[in-house]
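Containing mmCIF, N, CA and C atoms: protein.cif.
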```cif
data_structure
loop_
_atom_site.label_atom_id
_atom_site.label_comp_id
_atom_site.auth_asym_id
_atom_site.auth_seq_id
_atom_site.Cartn_x
_atom_site.Cartn_y
_atom_site.Cartn_z
N MET A 307 0.85 -1.18 0.00
CA MET A 307 0.00 0.00 0.00
C MET A 307 0.89 1.23 0.00
N SER A 308 0.56 2.18 -0.83
CA SER A 308 1.29 3.44 -0.90
C SER A 308 0.30 4.58 -0.74
N THR A 309 0.54 5.42 0.26
CA THR A 309 -0.31 6.58 0.49
C THR A 309 0.57 7.82 0.52
N ASN A 310 0.09 8.88 -0.10
CA ASN A 310 0.86 10.11 -0.17
C ASN A 310 -0.08 11.29 0.05
N SER A 311 0.36 12.24 0.84
CA SER A 311 -0.39 13.48 1.04
C SER A 311 0.54 14.65 0.74
N TYR A 312 -0.01 15.65 0.07
CA TYR A 312 0.79 16.83 -0.24
C TYR A 312 -0.14 18.02 -0.45
N VAL A 313 0.43 19.21 -0.37
CA VAL A 313 -0.31 20.46 -0.58
C VAL A 313 0.26 21.13 -1.82
N GLU A 314 -0.62 21.64 -2.67
CA GLU A 314 -0.20 22.38 -3.86
C GLU A 314 -1.25 23.43 -4.20
N PRO A 315 -0.98 24.28 -5.18
CA PRO A 315 -1.95 25.32 -5.55
C PRO A 315 -3.29 24.71 -6.01
N CYS A 316 -4.36 25.34 -5.62
CA CYS A 316 -5.71 24.91 -5.97
C CYS A 316 -6.00 25.26 -7.43
N SER A 317 -6.58 24.33 -8.16
CA SER A 317 -6.92 24.59 -9.56
C SER A 317 -8.12 25.52 -9.68
N GLU A 318 -8.85 25.72 -8.59
CA GLU A 318 -10.03 26.60 -8.60
C GLU A 318 -9.68 28.05 -8.22
N CYS A 319 -8.97 28.23 -7.10
CA CYS A 319 -8.72 29.59 -6.61
C CYS A 319 -7.26 30.02 -6.71
N GLY A 320 -6.35 29.09 -6.95
CA GLY A 320 -4.95 29.41 -7.10
C GLY A 320 -4.15 29.49 -5.81
N ALA A 321 -4.83 29.45 -4.65
CA ALA A 321 -4.13 29.52 -3.37
C ALA A 321 -3.35 28.22 -3.14
N ASP A 322 -2.22 28.33 -2.48
CA ASP A 322 -1.38 27.16 -2.20
C ASP A 322 -1.90 26.43 -0.96
N THR A 323 -3.18 26.08 -0.99
CA THR A 323 -3.82 25.48 0.18
C THR A 323 -4.70 24.28 -0.19
N CYS A 324 -4.32 23.55 -1.23
CA CYS A 324 -5.12 22.40 -1.66
C CYS A 324 -4.44 21.12 -1.20
N LEU A 325 -5.09 20.41 -0.28
CA LEU A 325 -4.57 19.17 0.29
C LEU A 325 -4.98 17.99 -0.58
N HIS A 326 -3.99 17.24 -1.05
CA HIS A 326 -4.24 16.04 -1.85
C HIS A 326 -3.92 14.80 -1.03
N ASN A 327 -4.78 13.80 -1.10
CA ASN A 327 -4.54 12.50 -0.50
C ASN A 327 -4.64 11.46 -1.60
N VAL A 328 -3.55 10.71 -1.81
CA VAL A 328 -3.48 9.75 -2.90
C VAL A 328 -3.08 8.40 -2.33
N SER A 329 -3.74 7.33 -2.79
CA SER A 329 -3.41 5.98 -2.36
C SER A 329 -3.48 5.03 -3.56
N THR A 330 -2.64 4.01 -3.53
CA THR A 330 -2.68 3.00 -4.60
C THR A 330 -3.56 1.81 -4.25
N ARG A 331 -3.74 1.54 -2.96
CA ARG A 331 -4.62 0.45 -2.52
C ARG A 331 -5.39 0.84 -1.29
N PRO A 332 -6.67 1.04 -1.38
CA PRO A 332 -7.46 1.11 -2.61
C PRO A 332 -7.08 2.38 -3.38
N PRO A 333 -7.18 2.35 -4.69
CA PRO A 333 -6.77 3.52 -5.46
C PRO A 333 -7.74 4.70 -5.31
N TYR A 334 -7.22 5.84 -4.93
CA TYR A 334 -8.03 7.05 -4.87
C TYR A 334 -7.13 8.27 -4.93
N HIS A 335 -7.70 9.39 -5.31
CA HIS A 335 -7.03 10.69 -5.27
C HIS A 335 -8.09 11.72 -4.88
N ASN A 336 -8.11 12.06 -3.61
CA ASN A 336 -9.05 13.04 -3.08
C ASN A 336 -8.30 14.34 -2.83
N TRP A 337 -8.99 15.47 -2.97
CA TRP A 337 -8.38 16.75 -2.64
C TRP A 337 -9.42 17.72 -2.13
N GLU A 338 -8.92 18.68 -1.34
CA GLU A 338 -9.80 19.71 -0.78
C GLU A 338 -8.98 20.95 -0.48
N CYS A 339 -9.56 22.11 -0.77
CA CYS A 339 -8.88 23.38 -0.56
C CYS A 339 -9.49 24.10 0.63
N TRP A 340 -8.65 24.48 1.59
CA TRP A 340 -9.19 25.15 2.78
C TRP A 340 -9.30 26.65 2.59
N THR A 341 -8.97 27.17 1.42
CA THR A 341 -9.20 28.59 1.15
C THR A 341 -10.57 28.80 0.51
N CYS A 342 -10.83 28.09 -0.59
CA CYS A 342 -12.11 28.30 -1.28
C CYS A 342 -13.17 27.24 -0.94
N GLY A 343 -12.75 26.12 -0.36
CA GLY A 343 -13.71 25.11 0.09
C GLY A 343 -14.12 24.07 -0.95
N VAL A 344 -13.52 24.10 -2.13
CA VAL A 344 -13.87 23.11 -3.15
C VAL A 344 -13.20 21.77 -2.79
N PHE A 345 -13.88 20.66 -3.13
CA PHE A 345 -13.31 19.34 -2.84
C PHE A 345 -13.68 18.35 -3.94
N TYR A 346 -12.93 17.25 -3.99
CA TYR A 346 -13.22 16.16 -4.91
C TYR A 346 -12.90 14.86 -4.21
N GLU A 347 -13.85 13.90 -4.22
CA GLU A 347 -13.65 12.57 -3.68
C GLU A 347 -13.75 11.59 -4.84
N SER A 348 -12.63 10.97 -5.18
CA SER A 348 -12.56 10.16 -6.40
C SER A 348 -13.35 8.85 -6.32
N VAL A 349 -13.44 8.23 -5.16
CA VAL A 349 -14.13 6.95 -5.04
C VAL A 349 -15.60 7.09 -5.43
N GLU A 350 -16.24 8.15 -4.96
CA GLU A 350 -17.65 8.37 -5.29
C GLU A 350 -17.83 9.38 -6.41
N ASP A 351 -16.71 9.82 -7.01
CA ASP A 351 -16.72 10.82 -8.08
C ASP A 351 -17.58 12.02 -7.70
N GLU A 352 -17.31 12.52 -6.48
CA GLU A 352 -18.10 13.63 -5.93
C GLU A 352 -17.26 14.91 -5.90
N TYR A 353 -17.77 15.95 -6.52
CA TYR A 353 -17.13 17.25 -6.58
C TYR A 353 -18.10 18.24 -5.96
N GLY A 354 -17.60 19.12 -5.10
CA GLY A 354 -18.53 20.06 -4.50
C GLY A 354 -17.86 21.13 -3.66
N GLN A 355 -18.64 21.72 -2.80
CA GLN A 355 -18.21 22.82 -1.95
C GLN A 355 -18.41 22.44 -0.49
N MET A 356 -17.36 22.58 0.31
CA MET A 356 -17.47 22.33 1.74
C MET A 356 -18.31 23.43 2.38
N THR A 357 -18.90 23.11 3.52
CA THR A 357 -19.58 24.15 4.29
C THR A 357 -18.51 25.05 4.90
N GLU A 358 -18.89 26.21 5.34
CA GLU A 358 -17.95 27.14 5.97
C GLU A 358 -17.32 26.49 7.21
N ALA A 359 -18.11 25.74 7.99
CA ALA A 359 -17.60 25.08 9.18
C ALA A 359 -16.56 24.02 8.81
N GLU A 360 -16.82 23.24 7.76
CA GLU A 360 -15.86 22.21 7.31
C GLU A 360 -14.56 22.86 6.83
N ARG A 361 -14.69 23.95 6.09
CA ARG A 361 -13.51 24.65 5.58
C ARG A 361 -12.68 25.22 6.72
N GLU A 362 -13.32 25.83 7.70
CA GLU A 362 -12.61 26.39 8.85
C GLU A 362 -11.94 25.30 9.68
N GLU A 363 -12.60 24.16 9.83
CA GLU A 363 -12.02 23.05 10.58
C GLU A 363 -10.76 22.53 9.88
N LEU A 364 -10.81 22.34 8.56
CA LEU A 364 -9.65 21.89 7.81
C LEU A 364 -8.52 22.92 7.91
N LYS A 365 -8.85 24.19 7.80
CA LYS A 365 -7.87 25.27 7.89
C LYS A 365 -7.16 25.23 9.23
N GLU A 366 -7.91 25.07 10.31
CA GLU A 366 -7.32 25.01 11.65
C GLU A 366 -6.36 23.83 11.78
N ILE A 367 -6.78 22.67 11.27
CA ILE A 367 -5.94 21.47 11.34
C ILE A 367 -4.65 21.68 10.56
N MET A 368 -4.76 22.21 9.35
CA MET A 368 -3.59 22.35 8.49
C MET A 368 -2.64 23.47 8.92
N GLU A 369 -3.13 24.45 9.63
CA GLU A 369 -2.27 25.55 10.05
C GLU A 369 -1.64 25.33 11.43
N GLU A 370 -1.92 24.20 12.06
CA GLU A 370 -1.32 23.90 13.37
C GLU A 370 0.15 23.61 13.23
#
```

Turn the structure described in the file into C-alpha cells.
Amino acid sequence: MSTNSYVEPCSECGADTCLHNVSTRPPYHNWECWTCGVFYESVEDEYGQMTEAEREELKEIMEE
C-alpha cells in the first residue's frame, strides 16, 4: 500500500492550500482546498463545496 499526502496550488482559486490524499490500494485521489472550500472525492466521483464550518475546521488542522 502506498499513500501520499501533499499540498499544492488549488486549480479553482490558485491559493497554495489544496490538500491532496493519494493511495494506490485502494486507489483514490481526493483533494480539498481550505481557502475556497472546493473538494473532490474520487471513489464516489463527488465534486462540491465544503460548508464554511468544514472549511474552517480543515484550515485550523492544516495551520497547526

Checklist entry - as number ranges by chain, which residues of chain A does DSSP assign to helix (DSSP H, G or I)? => result A: 358-368

Next on the checklist: Which residues, named as in the file, does the PyMOL selection byres (((chain A and resi 333 and name CA) around 10) and name CA) pick out? Answer as a list of chain:residue names.
Outcome noted: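 Expected selection for the PyMOL selection byres (((chain A and resi 333 and name CA) around 10) and name CA) here is A:Met307, A:Ser308, A:Thr309, A:Val328, A:Ser329, A:Thr330, A:Arg331, A:Pro332, A:Tyr334, A:His335, A:Ser348, A:Val349.
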
Item to check | Distance criterion (only N, CA and C atoms): nearest to Cys342 (chain A) out of A:Gly320, A:Glu363, A:Glu369, A:Glu314 | outcome: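 When distances to Cys342 (chain A) are compared using only N, CA and C atoms, the smallest one comes from A:Gly320.
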
Checklist entry - atom N of Met356 (chain A) and CA of Thr323 (chain A), how far apart in Å? => result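 Taking CA of Thr323 (chain A) as the start and atom N of Met356 (chain A) as the end point, the length is 13.8 Å.
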
Next on the checklist: So that I can check the secondary structure, give me every residue of region 316-352 of chain A assigned strand (DSSP E or B) by backbone DSSP, as a PyMOL selection string.
Outcome noted: chain A and resi 324-330+333-339+344-347+352

Name all residues at most 8 Å from Glu360 (chain A) (count all atoms listed in the file; drop same-chain ones fewer than 6 positions away) and give them as a PDB file with N, CA and C atoms, in the coordinates of the input.
```
ATOM      1  N   TRP A 340      -8.650  24.480   1.590  1.00  0.00           N
ATOM      2  CA  TRP A 340      -9.190  25.150   2.780  1.00  0.00           C
ATOM      3  C   TRP A 340      -9.300  26.650   2.590  1.00  0.00           C
ATOM      4  N   GLY A 343     -12.750  26.120  -0.360  1.00  0.00           N
ATOM      5  CA  GLY A 343     -13.710  25.110   0.090  1.00  0.00           C
ATOM      6  C   GLY A 343     -14.120  24.070  -0.950  1.00  0.00           C
ATOM      7  N   GLU A 366      -7.910  25.070  10.310  1.00  0.00           N
ATOM      8  CA  GLU A 366      -7.320  25.010  11.650  1.00  0.00           C
ATOM      9  C   GLU A 366      -6.360  23.830  11.780  1.00  0.00           C
TER      10      GLU A 366
END
```

Using only the atoms of region 310-328 of chain A listed in the file, plus 4 Å on each side, state the axis-aligned box centre and edge lengths in Å rounded to one decimal, as AutoDock Vina command-line options.
```
--center_x -4.6 --center_y 19.2 --center_z -4.3 --size_x 18.9 --size_y 29.6 --size_z 18.7
```

Next on the checklist: Using Å and a single decimal, report how far CA of Leu325 (chain A) sits from CA of Tyr312 (chain A).
Outcome noted: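 Value for the CA of Tyr312 (chain A)-CA of Leu325 (chain A) distance: 5.9 Å.
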
Item to check | Given the PyMOL selection byres (((chain A and resi 316 and name CA) around 9) and name CA), the residues it picks as a ChimeraX atom specification | outcome: /A:313-315,317-325,338-339,341-342,344
